[in-house]
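A.B. asks: Please find run_9.txt (compact mmCIF, C-alpha atoms) on the next line:
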# COMPACT_ATOMS: atom_id res chain seq x y z
CA MET A 146 10.81 -8.81 25.84
CA SER A 147 10.31 -6.78 22.65
CA LEU A 148 9.07 -8.38 19.45
CA GLN A 149 12.49 -7.94 17.87
CA GLY A 150 14.16 -9.46 20.91
CA PHE A 151 11.82 -12.45 20.75
CA LEU A 152 12.45 -12.89 17.01
CA ASP A 153 16.21 -12.68 17.54
CA GLU A 154 16.00 -15.43 20.17
CA MET A 155 13.82 -17.59 17.93
CA GLU A 156 16.22 -17.19 15.00
CA THR A 157 19.11 -18.05 17.34
CA ARG A 158 17.36 -21.32 18.25
CA VAL A 159 16.83 -22.15 14.58
CA ASP A 160 20.47 -21.33 13.85
CA ARG A 161 21.64 -23.45 16.79
CA LEU A 162 19.66 -26.44 15.49
CA ALA A 163 21.10 -25.90 12.01
CA ARG A 164 24.67 -25.85 13.31
CA ARG A 165 24.01 -29.06 15.24
CA GLY A 166 23.07 -30.76 11.97
CA VAL A 167 19.45 -31.38 13.01
CA PHE A 168 18.17 -30.43 9.53
CA ASP A 169 20.83 -32.20 7.45
CA ASP A 170 19.21 -34.58 4.92
CA LYS A 171 15.85 -34.24 6.72
CA LYS A 172 12.33 -33.43 5.57
CA ILE A 173 11.49 -30.27 7.50
CA VAL A 174 7.87 -29.76 8.60
CA LEU A 175 6.58 -26.48 10.02
CA PHE A 176 3.72 -27.03 12.48
CA GLY A 177 1.52 -23.95 12.15
CA ALA A 178 0.59 -21.69 9.24
CA SER A 179 1.18 -18.27 10.73
CA VAL A 180 3.61 -15.35 10.67
CA ASN A 181 6.23 -17.01 12.91
CA GLU A 182 6.37 -20.08 10.69
CA GLY A 183 6.90 -17.78 7.71
CA ARG A 184 9.91 -16.29 9.44
CA CYS A 185 11.24 -19.77 10.25
CA LYS A 186 10.91 -20.76 6.60
CA ARG A 187 12.93 -17.71 5.53
CA TRP A 188 15.62 -18.35 8.15
CA LEU A 189 15.92 -21.98 7.04
CA GLU A 190 16.15 -21.05 3.38
CA GLU A 191 18.85 -18.49 4.16
CA ARG A 192 20.84 -21.37 5.67
CA GLY A 193 20.31 -23.64 2.67
CA PHE A 194 17.43 -25.78 3.96
CA ALA A 195 14.09 -26.32 2.18
CA VAL A 196 10.79 -26.78 4.01
CA ASP A 197 9.02 -29.94 2.92
CA ALA A 198 5.54 -29.27 4.35
CA ILE A 199 3.39 -26.96 6.47
CA ILE A 200 0.76 -28.49 8.77
CA ASP A 201 -1.92 -26.96 10.96
CA ASN A 202 -4.77 -28.13 13.19
CA SER A 203 -7.15 -25.46 11.92
CA LYS A 204 -9.67 -26.83 9.42
CA GLU A 205 -10.07 -23.35 7.95
CA LYS A 206 -6.43 -23.41 6.79
CA HIS A 207 -6.38 -26.90 5.25
CA GLY A 208 -5.97 -26.77 1.48
CA ARG A 209 -4.95 -23.11 1.48
CA GLU A 210 -1.65 -22.01 0.02
CA TYR A 211 0.89 -20.42 2.36
CA LEU A 212 4.48 -19.53 1.51
CA GLY A 213 4.28 -21.55 -1.70
CA LEU A 214 3.07 -24.73 0.04
CA THR A 215 -0.38 -26.21 0.62
CA VAL A 216 -1.36 -26.37 4.29
CA ARG A 217 -2.15 -29.97 5.26
CA THR A 218 -3.33 -31.84 8.35
CA PRO A 219 -0.74 -33.21 10.80
CA GLU A 220 -1.96 -36.76 10.21
CA GLU A 221 -1.68 -36.42 6.45
CA VAL A 222 1.99 -35.46 6.63
CA LEU A 223 3.29 -37.15 9.77
CA LEU A 224 1.66 -40.56 9.52
CA PRO A 225 3.00 -43.12 9.12
CA VAL A 226 5.97 -42.10 11.24
CA ASP A 227 9.00 -41.12 9.18
CA LYS A 228 12.39 -41.17 10.92
CA ASP A 229 13.67 -38.63 8.39
CA ARG A 230 11.14 -35.93 9.36
CA VAL A 231 11.90 -33.01 11.68
CA VAL A 232 9.04 -30.89 13.03
CA LEU A 233 9.53 -27.22 14.00
CA ILE A 234 6.96 -25.51 16.23
CA ALA A 235 7.11 -21.69 16.37
CA SER A 236 3.91 -21.09 18.34
CA THR A 237 4.31 -19.05 21.52
CA THR A 238 0.93 -20.11 22.91
CA TYR A 239 0.23 -23.77 22.18
CA TRP A 240 3.78 -25.07 21.79
CA SER A 241 3.37 -27.57 24.64
CA GLU A 242 0.13 -29.08 23.30
CA MET A 243 1.50 -29.19 19.75
CA THR A 244 4.69 -30.88 20.91
CA GLN A 245 2.69 -33.49 22.81
CA GLN A 246 0.48 -34.08 19.77
CA VAL A 247 3.46 -34.90 17.56
CA VAL A 248 5.19 -36.99 20.22
CA GLN A 249 2.02 -39.07 20.67
CA MET A 250 2.17 -39.87 16.95
CA GLY A 251 5.49 -41.58 17.59
CA TYR A 252 8.07 -38.86 16.97
CA SER A 253 11.02 -38.30 19.29
CA LYS A 254 10.84 -35.15 21.42
CA ARG A 255 14.61 -35.22 21.73
CA THR A 256 15.62 -35.64 18.09
CA GLN A 257 12.62 -34.80 15.86
CA VAL A 258 10.34 -32.22 17.52
CA PHE A 259 11.64 -28.76 18.38
CA ALA A 260 9.66 -25.85 19.87
CA VAL A 261 11.60 -22.76 18.78
CA GLY A 262 8.88 -20.29 19.82
CA LEU A 263 9.60 -20.73 23.53
CA ASP A 264 12.63 -21.85 25.47
CA ASN A 265 10.98 -24.61 27.49
CA LYS A 266 14.04 -24.94 29.74
CA LYS A 267 13.09 -21.60 31.24
CA ALA A 268 9.34 -22.26 31.50
CA ARG A 269 9.51 -22.92 35.24
CA PHE A 270 10.71 -19.36 35.78
CA VAL A 271 7.96 -17.70 33.72
CA PHE A 272 5.76 -16.67 36.65
CA ALA A 273 8.59 -15.21 38.72
CA ARG A 274 9.97 -13.39 35.71
CA ARG A 275 6.51 -12.05 34.89
CA LEU A 276 6.15 -10.61 38.39
CA ILE A 277 9.37 -8.69 37.85
CA GLN A 278 7.93 -7.37 34.57
CA VAL A 279 4.74 -6.32 36.39
CA ALA A 280 6.74 -4.24 38.88
CA LYS A 281 8.72 -2.60 36.08
CA GLY A 282 5.51 -1.90 34.19
CA ALA A 283 3.95 -0.22 37.24
CA ARG A 284 6.91 2.13 37.54
CA ALA A 285 6.92 2.96 33.84
CA LEU A 286 3.19 3.68 33.84
CA ARG A 287 3.47 6.03 36.82
CA GLN A 288 6.15 8.02 35.04
CA ILE A 289 4.26 8.62 31.80
CA ALA A 290 0.85 9.05 33.50
CA HIS A 291 2.06 12.25 35.17
CA GLY A 292 2.09 14.98 32.54
CA PRO A 293 2.86 18.70 32.85
CA ASP A 294 -0.80 19.41 33.69
CA GLY A 295 -1.38 16.50 36.06
CA LYS A 296 -2.49 12.91 35.57
CA ARG A 297 -3.11 11.60 32.06
CA THR A 298 -4.96 8.62 30.61
CA VAL A 299 -2.37 6.45 28.88
CA PHE A 300 -3.35 4.59 25.70
CA VAL A 301 -0.78 1.84 25.17
CA ALA A 302 0.19 0.41 21.76
CA PRO A 303 3.05 -2.08 22.22
CA GLN A 304 3.12 -3.37 18.64
CA SER A 305 5.88 -2.05 16.39
CA SER A 306 3.61 -1.80 13.33
CA ALA A 307 2.58 1.75 12.40
CA GLY A 308 -0.46 0.38 10.57
CA ASP A 309 -1.78 -1.08 13.81
CA VAL A 310 -1.44 2.32 15.46
CA TYR A 311 -3.38 3.94 12.62
CA VAL A 312 -6.35 1.61 13.17
CA GLU A 313 -6.19 2.05 16.96
CA CYS A 314 -6.20 5.84 16.71
CA LEU A 315 -9.37 5.75 14.62
CA PHE A 316 -11.29 4.90 17.81
CA ILE A 317 -9.56 6.74 20.67
CA ARG A 318 -11.70 9.89 20.75
CA GLU A 319 -14.98 7.96 20.60
CA PHE A 320 -13.74 5.67 23.40
CA VAL A 321 -12.91 8.75 25.50
CA ARG A 322 -16.38 10.19 24.86
CA LYS A 323 -18.20 6.93 25.56
CA ASN A 324 -16.35 6.37 28.86
CA ASN A 325 -16.50 10.04 29.88
CA LEU A 326 -12.75 10.20 30.44
CA GLN A 327 -11.74 13.63 31.71
CA ARG A 328 -7.96 13.47 31.84
CA PRO A 329 -5.66 14.51 28.97
CA VAL A 330 -4.74 11.64 26.66
CA VAL A 331 -1.25 10.42 25.85
CA VAL A 332 -0.46 7.58 23.46
CA ALA A 333 2.54 5.36 24.24
CA VAL A 334 4.22 3.68 21.25
CA PRO A 335 7.49 1.78 20.68
CA ASN A 336 9.20 3.61 17.80
CA GLY A 337 9.40 6.73 15.68
CA ALA A 338 7.21 5.41 12.87
CA CYS A 339 4.40 4.65 15.32
CA ARG A 340 4.89 8.07 16.92
CA ARG A 341 4.52 9.82 13.56
CA MET A 342 1.41 7.79 12.81
CA ALA A 343 -0.25 8.69 16.15
CA GLU A 344 0.71 12.34 15.74
CA LEU A 345 -1.36 12.40 12.53
CA PHE A 346 -4.41 12.27 14.77
CA GLY A 347 -3.26 15.18 16.95
CA PHE A 348 -2.41 13.15 20.07
CA ASP A 349 0.41 13.73 22.50
CA VAL A 350 2.76 10.80 22.06
CA VAL A 351 5.58 9.27 24.10
CA VAL A 352 8.03 6.72 22.73
CA LEU A 353 9.15 3.95 25.06
CA GLY A 354 11.05 0.77 24.41
CA GLU A 355 8.92 -2.12 23.22
CA ASP A 356 10.12 -4.06 26.25
CA VAL A 357 8.77 -1.33 28.54
CA LEU A 358 5.38 -1.25 26.82
CA TRP A 359 4.96 -4.98 27.24
CA GLN A 360 5.92 -4.59 30.89
CA ILE A 361 3.05 -2.12 31.19
CA ALA A 362 0.86 -4.72 29.46
CA ASP A 363 1.91 -7.27 32.09
CA TYR A 364 1.01 -4.79 34.83
CA VAL A 365 -2.41 -4.10 33.27
CA ARG A 366 -3.11 -7.83 32.99
CA PHE A 367 -2.11 -8.35 36.61
CA THR A 368 -4.07 -5.45 38.14
CA ARG A 369 -6.96 -4.82 35.69
CA ARG A 370 -6.72 -1.05 36.08
CA GLY A 371 -9.68 0.94 34.79
CA PRO A 372 -9.75 3.04 31.60
CA GLU A 373 -9.29 6.30 33.52
CA ASP A 374 -5.68 5.24 34.16
CA VAL A 375 -4.59 3.08 31.23
CA VAL A 376 -6.18 1.71 28.07
CA PRO A 377 -4.49 -1.30 26.40
CA MET A 378 -5.31 -0.77 22.74
CA TYR A 379 -3.94 -4.02 21.33
CA TYR A 380 -6.61 -6.67 21.74
CA LEU A 381 -4.08 -9.39 22.60
CA MET A 382 -2.65 -7.41 25.53
CA LEU A 383 -5.22 -8.68 28.01
CA ASN A 384 -6.17 -12.09 26.66
CA GLY A 385 -4.14 -14.02 24.13
CA ALA A 386 -7.06 -16.40 23.57
CA VAL A 387 -8.84 -13.57 21.73
CA ALA A 388 -6.50 -14.35 18.84
CA GLN A 389 -8.63 -17.38 18.03
CA LEU A 390 -11.55 -15.08 17.18
CA GLN A 391 -9.65 -13.41 14.35
CA GLY A 392 -11.56 -14.04 11.15
CA TYR A 393 -14.51 -15.69 12.89
CA LYS A 394 -17.73 -14.58 11.16
CA GLY A 395 -16.04 -11.67 9.45
CA LEU A 396 -14.05 -10.34 12.43
CA ASN A 397 -11.32 -8.64 10.42
CA PHE A 398 -8.49 -6.49 11.79
CA GLU A 399 -10.58 -3.33 12.11
CA LYS A 400 -13.44 -5.14 13.82
CA MET A 401 -11.10 -6.81 16.31
CA PHE A 402 -10.00 -3.38 17.49
CA ARG A 403 -13.52 -1.95 17.31
CA TYR A 404 -15.13 -4.70 19.39
CA ALA A 405 -12.38 -6.45 21.38
CA SER A 406 -10.17 -3.45 22.20
CA PHE A 407 -12.59 -0.54 22.43
CA ASP A 408 -16.03 -2.17 22.83
CA LEU A 409 -17.63 0.21 20.32
CA ASP A 410 -20.76 -0.32 18.25
CA ALA A 411 -20.74 -1.13 14.55
CA ASP A 412 -22.10 2.30 13.60
CA VAL A 413 -19.25 4.28 15.21
CA ARG A 414 -17.45 6.13 12.42
CA HIS A 415 -13.70 6.34 12.01
CA ASP A 416 -11.95 9.43 13.30
CA VAL A 417 -9.93 9.87 10.09
CA PRO A 418 -7.06 12.37 10.50
CA SER A 419 -7.09 15.62 8.56
CA TYR A 420 -3.82 15.93 6.69
CA GLY A 421 -2.24 19.33 7.13
CA SER A 422 0.53 19.07 4.55
CA ASP A 423 0.65 21.42 1.58
CA PRO A 424 -0.56 19.86 -1.71
CA ASP A 425 1.40 22.45 -3.66
CA ALA A 426 4.58 21.35 -1.90
CA ALA A 427 3.84 17.72 -2.80
CA ARG A 428 3.32 18.61 -6.45
CA ALA A 429 6.49 20.68 -6.46
CA SER A 430 8.45 17.76 -5.03
CA LEU A 431 7.18 15.51 -7.80
CA VAL A 432 8.18 18.04 -10.47
CA ASN A 433 11.61 18.47 -8.92
CA ASN A 434 12.12 14.71 -9.29
CA GLY A 435 11.10 14.81 -12.97
CA LEU A 436 7.65 13.37 -12.24
CA ARG A 437 4.35 14.64 -13.65
CA PRO A 438 1.52 15.25 -11.17
CA GLY A 439 -1.51 13.20 -12.16
CA HIS A 440 0.58 10.84 -14.30
CA THR A 441 2.89 9.27 -11.73
CA VAL A 442 2.72 5.83 -10.15
CA ILE A 443 4.24 5.57 -6.68
CA LEU A 444 5.53 2.05 -6.03
CA ALA A 445 5.70 0.90 -2.40
CA PRO A 446 7.50 -2.47 -2.63
CA TYR A 447 8.45 -2.87 1.02
CA ALA A 448 6.53 -4.34 3.94
CA ARG A 449 7.88 -5.48 7.31
CA THR A 450 5.12 -7.64 8.76
CA LEU A 451 2.55 -9.13 6.40
CA VAL A 452 4.74 -9.98 3.40
CA HIS A 453 7.77 -12.27 3.38
CA GLY A 454 10.59 -11.22 1.08
CA HIS A 455 10.95 -8.75 -1.76
CA ASP A 456 10.65 -9.73 -5.43
CA GLU A 457 12.93 -7.33 -7.32
CA ARG A 458 12.07 -8.98 -10.64
CA PHE A 459 8.36 -8.28 -10.21
CA TRP A 460 8.82 -4.63 -9.28
CA GLY A 461 11.36 -4.03 -12.05
CA ALA A 462 9.02 -5.56 -14.62
CA LEU A 463 6.09 -3.53 -13.31
CA ALA A 464 8.06 -0.28 -13.53
CA GLU A 465 9.02 -1.09 -17.14
CA GLU A 466 5.42 -1.93 -18.10
CA LEU A 467 4.04 1.27 -16.57
CA THR A 468 6.73 3.42 -18.16
CA ALA A 469 5.95 1.87 -21.55
CA ARG A 470 2.32 2.91 -21.06
CA GLY A 471 3.28 6.54 -20.60
CA TYR A 472 3.39 6.81 -16.80
CA ASP A 473 6.16 8.25 -14.69
CA VAL A 474 7.21 5.82 -11.96
CA CYS A 475 8.96 6.35 -8.64
CA THR A 476 9.66 4.32 -5.49
CA SER A 477 8.60 5.12 -1.95
CA GLY A 478 11.33 3.96 0.42
CA PHE A 479 13.48 4.93 3.38
CA GLY A 480 17.05 4.04 4.24
CA PRO A 481 19.57 1.65 2.69
CA GLN A 482 17.27 -1.34 3.19
CA GLU A 483 14.62 0.19 0.90
CA PRO A 484 16.36 1.25 -2.33
CA ALA A 485 14.57 2.50 -5.42
CA VAL A 486 13.24 -0.01 -7.93
CA ALA A 487 15.60 -0.17 -10.90
CA GLY A 488 15.11 2.75 -13.27
CA THR A 489 12.99 4.84 -10.87
CA PRO A 490 13.81 7.77 -8.57
CA LEU A 491 13.43 7.36 -4.80
CA LEU A 492 10.71 9.54 -3.29
CA GLN A 493 10.66 10.01 0.47
CA PHE A 494 7.66 11.43 2.31
CA SER A 495 6.30 11.14 5.83
CA PHE A 496 2.96 9.72 6.96
CA SER A 497 1.66 13.28 7.37
CA GLU A 498 2.46 13.96 3.70
CA ALA A 499 1.43 10.58 2.32
CA VAL A 500 -2.13 11.42 1.24
CA GLN A 501 -1.07 14.64 -0.47
CA PHE A 502 1.76 12.90 -2.34
CA VAL A 503 -0.44 10.03 -3.52
CA GLU A 504 -3.26 12.37 -4.56
CA SER A 505 -0.79 14.61 -6.39
CA ALA A 506 0.81 11.63 -8.15
CA GLY A 507 -2.54 10.05 -8.97
CA PHE A 508 -1.56 6.38 -8.62
CA PHE A 509 -0.19 4.05 -5.95
CA VAL A 510 0.84 0.37 -6.05
CA GLY A 511 2.07 -1.16 -2.81
CA LEU A 512 2.50 -4.28 -0.74
CA ARG A 513 0.06 -4.35 2.17
CA SER A 514 1.78 -2.42 4.94
CA GLY A 515 1.17 0.40 7.39
CA GLN A 516 1.74 2.89 4.59
CA CYS A 517 -1.40 1.54 2.92
CA ASP A 518 -3.41 2.47 6.02
CA ALA A 519 -1.94 5.97 5.94
CA ILE A 520 -2.90 6.56 2.28
CA SER A 521 -6.22 4.71 2.41
CA SER A 522 -8.28 7.93 2.36
CA ALA A 523 -6.42 9.36 -0.66
CA ASN A 524 -8.48 10.23 -3.73
CA ALA A 525 -6.32 8.28 -6.18
CA VAL A 526 -6.00 4.90 -7.85
CA LYS A 527 -4.77 2.60 -5.08
CA VAL A 528 -3.60 -0.93 -5.93
CA ILE A 529 -2.86 -3.05 -2.86
CA LEU A 530 -1.08 -6.42 -3.03
CA HIS A 531 -1.71 -9.04 -0.34
CA GLU A 532 0.40 -12.15 0.09
CA ARG A 533 -1.79 -15.24 -0.12
CA GLY A 534 -1.92 -17.16 3.13
CA PRO A 535 -4.06 -18.10 6.15
CA TRP A 536 -4.64 -15.97 9.23
CA PHE A 537 -6.30 -17.86 12.08
CA LYS A 538 -9.89 -18.49 10.88
CA THR A 539 -9.58 -16.51 7.67
CA SER A 540 -6.99 -15.39 5.12
CA LEU A 541 -4.48 -12.53 5.16
CA PHE A 542 -6.51 -10.86 2.42
CA GLU A 543 -9.84 -11.06 4.25
CA MET A 544 -8.24 -9.97 7.52
CA PHE A 545 -6.37 -6.91 6.22
CA SER A 546 -8.23 -5.76 3.09
CA LEU A 547 -8.57 -1.96 3.12
CA ASN A 548 -12.04 -2.23 1.63
CA GLU A 549 -13.22 -4.90 4.06
CA MET A 550 -11.83 -2.94 7.00
CA GLY A 551 -13.83 0.11 5.89
CA LEU A 552 -10.74 2.30 5.50
CA CYS A 553 -11.91 3.02 1.94
CA ASP A 554 -14.15 1.47 -0.69
CA ASP A 555 -12.16 2.13 -3.83
CA ALA A 556 -8.93 0.16 -3.40
CA VAL A 557 -8.06 -2.37 -6.12
CA GLU A 558 -6.75 -5.36 -4.18
CA PHE A 559 -5.06 -8.53 -5.38
CA GLU A 560 -3.68 -11.65 -3.73
CA PHE A 561 -0.37 -13.12 -4.83
CA SER A 562 1.71 -16.17 -4.05
CA SER A 563 5.10 -15.42 -2.55
CA SER A 564 6.65 -18.09 -4.77
CA GLU A 565 5.10 -16.76 -8.00
CA MET A 566 4.53 -13.03 -7.66
CA GLN A 567 4.99 -12.60 -11.42
CA ALA A 568 1.59 -14.27 -11.90
CA VAL A 569 -0.21 -11.15 -10.69
CA LEU A 570 1.78 -8.75 -12.87
CA GLY A 571 -0.75 -8.81 -15.71
CA ASP A 572 -3.64 -8.06 -13.34
CA VAL A 573 -1.85 -5.02 -11.91
CA VAL A 574 -0.84 -3.69 -15.31
CA ALA A 575 -4.44 -4.10 -16.56
CA VAL A 576 -5.57 -1.51 -14.01
CA PHE A 577 -3.54 1.06 -15.97
CA SER A 578 -4.72 0.04 -19.44
Please lay out the structure from this file as structure tokens.
C.D. replies:
Amino acid sequence: MSLQGFLDEMETRVDRLARRGVFDDKKIVLFGASVNEGRCKRWLEERGFAVDAIIDNSKEKHGREYLGLTVRTPEEVLLPVDKDRVVLIASTTYWSEMTQQVVQMGYSKRTQVFAVGLDNKKARFVFARRLIQVAKGARALRQIAHGPDGKRTVFVAPQSSAGDVYVECLFIREFVRKNNLQRPVVVAVPNGACRRMAELFGFDVVVLGEDVLWQIADYVRFTRRGPEDVVPMYYLMLNGAVAQLQGYKGLNFEKMFRYASFDLDADVRHDVPSYGSDPDAARASLVNNGLRPGHTVILAPYARTLVHGHDERFWGALAEELTARGYDVCTSGFGPQEPAVAGTPLLQFSFSEAVQFVESAGFFVGLRSGQCDAISSANAVKVILHERGPWFKTSLFEMFSLNEMGLCDDAVEFEFSSSEMQAVLGDVVAVFS
């Protein structure tokens, strides 16, 4: 199942519970401080329900702020037993253990504890269904492994995030050299954005459905094929337990790929793509939009994975402040879901043009997203905004900081609370003083 398919099913379960009245006049507790719980919180709020508390078993997360709430221990929130509490569990890995933990405290599995991350009625069929996925994955891999010039080594990236693909591609050529792989390389990704990101690095790319790529992942897990045939680039493809190492002793996002996915040494340098777009064309595009090269701030207010929601008030106020200080301001966005910030023109450019556009403009302010990876090497003022929250054994900031990941050393990075993004406005504006 694709990530979007899984999320659709999870939202359907939340919606079904809401329509049954499970949340009416209840104190809603989210068990787990992770991305899935953030989505559950948004879905609940869209249906008129407020989350009362977020709990987690991880000591590293206790006391941290996430989604406007302080993460607390299960015992602190759930004891003594409160008949008016409802606990939602969105974990796809430990849902059974977490459910049992809450039930043992005295809560009803039937009326108070709900695992929305997995349909436990179908759990008995998981192994049989997975075997079917393995067979489908074997067929899909055979098809893409045979290129026009013979067999190819397939590097598989099932995640839908283009930023993940950027980090993965930084290591492919060194992995090929280290393992003495002789076949041509092809990178398999799930969508057009990931394809464009991989093409930055000069690789041949095929786009397959996310479902198909995870079927290949199932096949790789089942057979343990060697790197000459297929290389699973996402570190969770082979062993979900690796997730628990994220953030341990400084294991940030880049290091997880470096060590867990590719088994490369710390001194291996990034294979940063050379951008072939025309800087004169980028400058001309700015001028055509009434923007001055070297005096323009590109705002990137949209992110699909690491940030929950979009604060129009913050971005509108930021645009006004920057304009008042003599800067031209524009918005980077694509499609009807990413309109321009009020009072700014919409500027559209591809990943292959991103560095040239940012360098020509001179300034960039964006939510942490895959676009930040793409422009990380730009010689410009880069302000990156990270939503405050935990990530396994660390924070979102420490896990995905451009500077900490070694993608650059000159980014100006701030954390913000999703409930009070305005609080960071003065810090961002001060960069331009």
A.B. asks: Show me the residues around (17.0, -39.4, 14.6) - criterion: an atom at most 10 Å away, all atoms listed in the file counted - as a PyMOL selection string.
C.D. replies: chain A and resi 167+171+227-231+252-253+255-257
A.B. asks: For Gly534 in chain A, which residue out of A:Lys296, A:Asn548, A:Trp240, A:Glu560 is the nearest one, using all atoms listed in the file?
C.D. replies: A:Glu560
A.B. asks: Interatomic distance between CA of Tyr311 in chain A and CA of Gln516 in chain A?
C.D. replies: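 Result for CA of Tyr311 in chain A versus CA of Gln516 in chain A: 9.6 Å, one decimal.
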A.B. asks: Counting all atoms listed in the file, what are the residues of range 451-499 of chain A within 12 Å of range 410-423 of chain A, and for each of them which pair of atoms is the nearest and at what distance in Å, to one decimal? Sort the table by chain and rising number, as a tab-separated table.
C.D. replies:
residue	atom	partner	partner_atom	distance
A:Phe494	CA	A:Ser422	CA	10.7
A:Ser495	CA	A:Ser422	CA	9.9
A:Phe496	CA	A:Tyr420	CA	9.2
A:Ser497	CA	A:Tyr420	CA	6.1
A:Glu498	CA	A:Ser422	CA	5.5
A:Ala499	CA	A:Tyr420	CA	8.7
A.B. asks: Gln501 in chain A: which residues within 12 Å, counting only C-alpha atoms, same-chain residues fewer than 5 positions away excluded, as a PyMOL selection string?
C.D. replies: chain A and resi 419-431+438-439+494-496+506-509+519-525
A.B. asks: May I have the selected residues written with C-alpha atoms, as a compact mmCIF listing (two decimals), keeping the file's coordinate frame?
C.D. replies:
# COMPACT_ATOMS: atom_id res chain seq x y z
CA SER A 419 -7.09 15.62 8.56
CA TYR A 420 -3.82 15.93 6.69
CA GLY A 421 -2.24 19.33 7.13
CA SER A 422 0.53 19.07 4.55
CA ASP A 423 0.65 21.42 1.58
CA PRO A 424 -0.56 19.86 -1.71
CA ASP A 425 1.40 22.45 -3.66
CA ALA A 426 4.58 21.35 -1.90
CA ALA A 427 3.84 17.72 -2.80
CA ARG A 428 3.32 18.61 -6.45
CA ALA A 429 6.49 20.68 -6.46
CA SER A 430 8.45 17.76 -5.03
CA LEU A 431 7.18 15.51 -7.80
CA PRO A 438 1.52 15.25 -11.17
CA GLY A 439 -1.51 13.20 -12.16
CA PHE A 494 7.66 11.43 2.31
CA SER A 495 6.30 11.14 5.83
CA PHE A 496 2.96 9.72 6.96
CA ALA A 506 0.81 11.63 -8.15
CA GLY A 507 -2.54 10.05 -8.97
CA PHE A 508 -1.56 6.38 -8.62
CA PHE A 509 -0.19 4.05 -5.95
CA ALA A 519 -1.94 5.97 5.94
CA ILE A 520 -2.90 6.56 2.28
CA SER A 521 -6.22 4.71 2.41
CA SER A 522 -8.28 7.93 2.36
CA ALA A 523 -6.42 9.36 -0.66
CA ASN A 524 -8.48 10.23 -3.73
CA ALA A 525 -6.32 8.28 -6.18
A.B. asks: In the coordinate frame of the file, compute which residues have an atom within 9 Å of (-7.0, -7.8, -4.8) when using all atoms listed in the file, and state them as a PyMOL selection string.
C.D. replies: chain A and resi 528-531+542+546+556-561
A.B. asks: Hey, can you spit out that residue selection with C-alpha atoms as a PDB file, keeping the file's coordinate frame?
C.D. replies:
ATOM      1  CA  VAL A 528      -3.600  -0.930  -5.930  1.00  0.00           C
ATOM      2  CA  ILE A 529      -2.860  -3.050  -2.860  1.00  0.00           C
ATOM      3  CA  LEU A 530      -1.080  -6.420  -3.030  1.00  0.00           C
ATOM      4  CA  HIS A 531      -1.710  -9.040  -0.340  1.00  0.00           C
ATOM      5  CA  PHE A 542      -6.510 -10.860   2.420  1.00  0.00           C
ATOM      6  CA  SER A 546      -8.230  -5.760   3.090  1.00  0.00           C
ATOM      7  CA  ALA A 556      -8.930   0.160  -3.400  1.00  0.00           C
ATOM      8  CA  VAL A 557      -8.060  -2.370  -6.120  1.00  0.00           C
ATOM      9  CA  GLU A 558      -6.750  -5.360  -4.180  1.00  0.00           C
ATOM     10  CA  PHE A 559      -5.060  -8.530  -5.380  1.00  0.00           C
ATOM     11  CA  GLU A 560      -3.680 -11.650  -3.730  1.00  0.00           C
ATOM     12  CA  PHE A 561      -0.370 -13.120  -4.830  1.00  0.00           C
TER      13      PHE A 561
END
A.B. asks: To one decimal place in Å, what is the distance between CA of Thr157 in chain A and CA of Val310 in chain A?
C.D. replies: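 Between CA of Thr157 in chain A and CA of Val310 in chain A the gap is 29.0 Å.
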A.B. asks: Save N, CA and C atoms of range 403-411 of chain A from the block above as a tab-separated table (two decimals), in the first residue's frame.
C.D. replies:
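Writing done, so here's selection05.tsv:
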chain	number	residue	atom	x	y	z
A	403	ARG	N	23.72	7.53	5.33
A	403	ARG	CA	25.15	7.25	5.15
A	403	ARG	C	25.53	5.89	5.74
A	404	TYR	N	25.11	5.65	6.98
A	404	TYR	CA	25.54	4.44	7.68
A	404	TYR	C	24.57	3.27	7.50
A	405	ALA	N	23.27	3.51	7.72
A	405	ALA	CA	22.31	2.41	7.71
A	405	ALA	C	21.95	1.95	6.31
A	406	SER	N	21.84	2.90	5.36
A	406	SER	CA	21.44	2.53	4.00
A	406	SER	C	22.62	2.13	3.14
A	407	PHE	N	23.70	2.90	3.21
A	407	PHE	CA	24.80	2.71	2.26
A	407	PHE	C	26.09	2.17	2.89
A	408	ASP	N	26.16	2.14	4.21
A	408	ASP	CA	27.33	1.60	4.90
A	408	ASP	C	28.61	2.28	4.42
A	409	LEU	N	28.60	3.60	4.43
A	409	LEU	CA	29.75	4.39	4.01
A	409	LEU	C	30.41	5.06	5.22
A	410	ASP	N	31.69	5.35	5.09
A	410	ASP	CA	32.44	5.95	6.18
A	410	ASP	C	32.09	7.43	6.35
A	411	ALA	N	32.47	7.97	7.49
A	411	ALA	CA	32.14	9.35	7.82
A	411	ALA	C	32.84	10.35	6.90
